[in-house]
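One structure below.
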Amino acid sequence: QNIAIFASGSGSNAEAFFKYFGGNKNINICLLLTNNKHAFAIQRAEKFGIPSVTFNRHEFYETDGVLNKLKEHNIGFIVLAGFLWKIPLNLIDSYHRRMVNIHPALLPKFGGKGMYGMHVHEAVVKAGEKESGITIHYVTENYDEGEIIFQEKCDVASSDSPEMVARNVQKLEHKFYPEVVEKCLSALK
Ligand code: GRF
């Protein structure tokens with residue numbers, strides 16, 4: 001099965017996938033797609049010999065360029081890993097229940113537009129939450145609203161800074177995201 005990863009930034013989750021699936025003959029991470037030509041994710045992919053494709057808004061929203069690229073590489077499953085643009089309908093329709101995202105909090109809390117990166121952890125701390133965690137979900141046309149596949153929690157102490165929460169959540173992401181995707185893939189067979 002061929003997977004593509006979409007990432008806009010650092011790509012630490014993308015790297016967790018490159019490592020986890022490296023050497024697995026049945027599951028291939030074929031392509032990294034990004035809207036940001038400066039994304040560190042591109043360099044991480046390069047290190048693992050994975051090619052990257054960069055696109056702009058016009059290509060993404062007004063053409064089938066990205067979809068065609070995915071077809072060219074025979075991509076059957078898409079992983080969003082810190083990808084910040086809304087997914088257009090041509091991709092949503094072609095990858096129904098074959099596209100997942102990870103959110104760094106326990107949805108439905110702390111999701112939606114503007115809730116990404118440190119904004120999420122700041123909101124969690126500000127609200128005095130006792131726990132946070134990760135949510136892995138299918139992707140639909142609305143941000144953070146697709147069916148939830150998996151959640152895992154971590155404690156939040158009242159003395160924790162948003163950066164500390166971010167670190168704890170990130171550990172969960174790297175540990176569980178590739179495993180959960182592997183399970184989704186085997187359920188498709
Ligand atoms: C992660 O926290 C993920 O939950 C969110 O974006 C962040 C990406 O981090 N969707 P990285 O680029 O994988 O390091």
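Residues are referred to by chain and number: the chain letter is A, B, ... according to the order shown in the structure tokens, the number counts from 1 in that chain, and ligands are numbered separately from 1 in the order shown.
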* For segment 116-124 of chain A: contacts at 9 Å, only C-alpha atoms, fewer than 4 positions along chain excluded, given as number ranges by chain -> A: 82, 84, 103-105, 110-112, 128-132, 156, 161-166
* List all protein, DNA and RNA residues that have any atom at most 7 Å from ligand 1, counting only C-alpha atoms and all ligand atoms, and write the list as a PyMOL selection string. => chain A and resi 7-14+41+81-83+101-104+116-117+170+173
Produce a file of the selected residues containing C-alpha atoms, as a tab-separated table (two decimals), in the first residue's frame.
chain	number	residue	atom	x	y	z
A	7	ALA	CA	3.04	18.41	6.12
A	8	SER	CA	3.49	22.19	6.31
A	9	GLY	CA	6.13	22.52	9.00
A	10	SER	CA	8.73	20.74	11.07
A	11	GLY	CA	7.62	17.25	10.08
A	12	SER	CA	8.50	15.42	13.28
A	13	ASN	CA	5.40	13.27	12.84
A	14	ALA	CA	6.28	12.64	9.20
A	41	ALA	CA	9.73	18.16	6.65
A	81	ALA	CA	0.82	15.52	9.76
A	82	GLY	CA	0.84	19.19	10.64
A	83	PHE	CA	-0.71	20.24	7.34
A	101	ASN	CA	-5.36	13.77	10.54
A	102	ILE	CA	-3.92	14.12	14.01
A	103	HIS	CA	-4.97	16.87	16.38
A	104	PRO	CA	-2.91	17.71	19.48
A	116	TYR	CA	-3.35	24.54	15.77
A	117	GLY	CA	0.15	24.29	17.20
A	170	GLN	CA	4.12	15.18	20.91
A	173	GLU	CA	1.79	11.56	18.59
* To do: Please identify all polymer residues within 7 Å of segment 42-59 of chain A, counting only C-alpha atoms, omitting same-chain residues fewer than 5 positions from it, and present them as a PyMOL selection string.
  => chain A and resi 15+18+30-37+65
* Skip Val100 of chain A itself and residues of its chain fewer than 4 positions away, then list as a list in words all residues within 6 Å of it, counting only C-alpha atoms. =>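 My list of contacting residues is Val79, His137, Tyr138 and Val139 of chain A.
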Mind dumping the selected residues with N, CA and C atoms as a tab-separated table (two decimals), in the first residue's frame?
chain	number	residue	atom	x	y	z
A	79	VAL	N	-1.93	10.68	4.90
A	79	VAL	CA	-1.72	11.04	6.31
A	79	VAL	C	-1.43	12.54	6.38
A	137	HIS	N	-8.28	11.23	13.52
A	137	HIS	CA	-9.63	11.17	12.96
A	137	HIS	C	-9.60	11.17	11.43
A	138	TYR	N	-10.67	10.67	10.83
A	138	TYR	CA	-10.81	10.77	9.38
A	138	TYR	C	-11.03	12.22	9.00
A	139	VAL	N	-10.68	12.55	7.78
A	139	VAL	CA	-10.77	13.95	7.35
A	139	VAL	C	-12.03	14.15	6.51
Quick one: DSSP strand (DSSP E or B) residues in segment 60-136 of chain A, as an mmCIF file with N, CA and C atoms, in the first residue's frame?
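As written to disk, result.cif reads:
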data_model
loop_
_atom_site.group_PDB
_atom_site.id
_atom_site.type_symbol
_atom_site.label_atom_id
_atom_site.label_comp_id
_atom_site.auth_asym_id
_atom_site.auth_seq_id
_atom_site.Cartn_x
_atom_site.Cartn_y
_atom_site.Cartn_z
ATOM 1 N N PHE A 77 -3.648 5.984 0.429
ATOM 2 C CA PHE A 77 -3.966 6.470 1.788
ATOM 3 C C PHE A 77 -3.159 7.734 2.057
ATOM 4 N N ILE A 78 -3.812 8.724 2.666
ATOM 5 C CA ILE A 78 -3.157 10.015 2.951
ATOM 6 C C ILE A 78 -3.093 10.271 4.445
ATOM 7 N N VAL A 79 -1.931 10.679 4.900
ATOM 8 C CA VAL A 79 -1.725 11.035 6.305
ATOM 9 C C VAL A 79 -1.431 12.538 6.380
ATOM 10 N N LEU A 80 -2.250 13.276 7.101
ATOM 11 C CA LEU A 80 -1.976 14.694 7.342
ATOM 12 C C LEU A 80 -1.200 14.794 8.647
ATOM 13 N N MET A 99 -8.124 9.039 4.453
ATOM 14 C CA MET A 99 -7.305 10.215 4.787
ATOM 15 C C MET A 99 -7.523 10.525 6.270
ATOM 16 N N VAL A 100 -6.404 10.594 7.007
ATOM 17 C CA VAL A 100 -6.512 10.833 8.451
ATOM 18 C C VAL A 100 -5.681 12.055 8.845
ATOM 19 N N ASN A 101 -6.078 12.621 9.987
ATOM 20 C CA ASN A 101 -5.362 13.769 10.542
ATOM 21 C C ASN A 101 -5.112 13.499 12.021
ATOM 22 N N ILE A 102 -4.115 14.186 12.562
ATOM 23 C CA ILE A 102 -3.915 14.116 14.005
ATOM 24 C C ILE A 102 -4.076 15.513 14.581
ATOM 25 N N HIS A 103 -4.772 15.581 15.708
ATOM 26 C CA HIS A 103 -4.967 16.871 16.375
ATOM 27 C C HIS A 103 -4.371 16.778 17.780
ATOM 28 N N GLU A 131 -6.350 17.221 31.842
ATOM 29 C CA GLU A 131 -5.736 16.308 30.882
ATOM 30 C C GLU A 131 -5.844 16.853 29.456
ATOM 31 N N SER A 132 -4.908 16.405 28.634
ATOM 32 C CA SER A 132 -4.985 16.691 27.203
ATOM 33 C C SER A 132 -4.607 15.399 26.488
ATOM 34 N N GLY A 133 -4.206 15.499 25.214
ATOM 35 C CA GLY A 133 -3.846 14.262 24.528
ATOM 36 C C GLY A 133 -3.897 14.424 23.031
ATOM 37 N N ILE A 134 -4.121 13.321 22.343
ATOM 38 C CA ILE A 134 -4.157 13.344 20.874
ATOM 39 C C ILE A 134 -5.462 12.749 20.369
ATOM 40 N N THR A 135 -5.866 13.221 19.198
ATOM 41 C CA THR A 135 -7.025 12.656 18.514
ATOM 42 C C THR A 135 -6.632 12.373 17.069
ATOM 43 N N ILE A 136 -6.856 11.146 16.643
ATOM 44 C CA ILE A 136 -6.637 10.782 15.239
ATOM 45 C C ILE A 136 -8.020 10.556 14.633
#
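Of the residues under consideration (A:Lys153, A:Arg98, A:Lys71, A:Lys86), A:Lys153 shows the shortest atom-to-atom contact distance to Val169 of chain A when counting only C-alpha atoms.
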* **Best match for closeness to Gln1 of chain A among A:Lys189, A:Lys19, A:His38, A:Lys126, counting only C-alpha atoms** =>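 Using only C-alpha atoms, Gln1 of chain A sits closest to A:Lys189.
Taking atom CA of Ile29 of chain A as the reference point, atom CA of Ile87 of chain A is found at 19.8 Å.
For the choices A:Arg97, A:Lys25, A:Lys109, A:Lys171, the atom-to-atom distance to Cys184 of chain A is smallest for A:Arg97 when using only C-alpha atoms.
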* Structure fact -> Among A:Ala39, A:Lys175, A:His96, A:Met115, Glu147 of chain A is approached most closely, using only C-alpha atoms, by A:His96
* Which distance in Å separates atom CA of Ala16 of chain A and atom CA of Pro108 of chain A, to one decimal? ->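 Computing it gives 25.0 Å between the two atoms.
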* To do: Using DSSP on the backbone, list every residue of segment 50-143 of chain A that comes out as helix (DSSP H, G or I), and give them as a PyMOL selection string.
  => chain A and resi 57-62+65-72+89-94+118-126
* What is the distance, in Å and to one decimal place, between atom CA of Ile75 of chain A and atom CA of Ala4 of chain A? -> 6.3 Å
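Closest to Phe176 of chain A among A:Ala157, A:Asn2, A:Tyr20, A:Lys113 is A:Tyr20, based on only C-alpha atoms.
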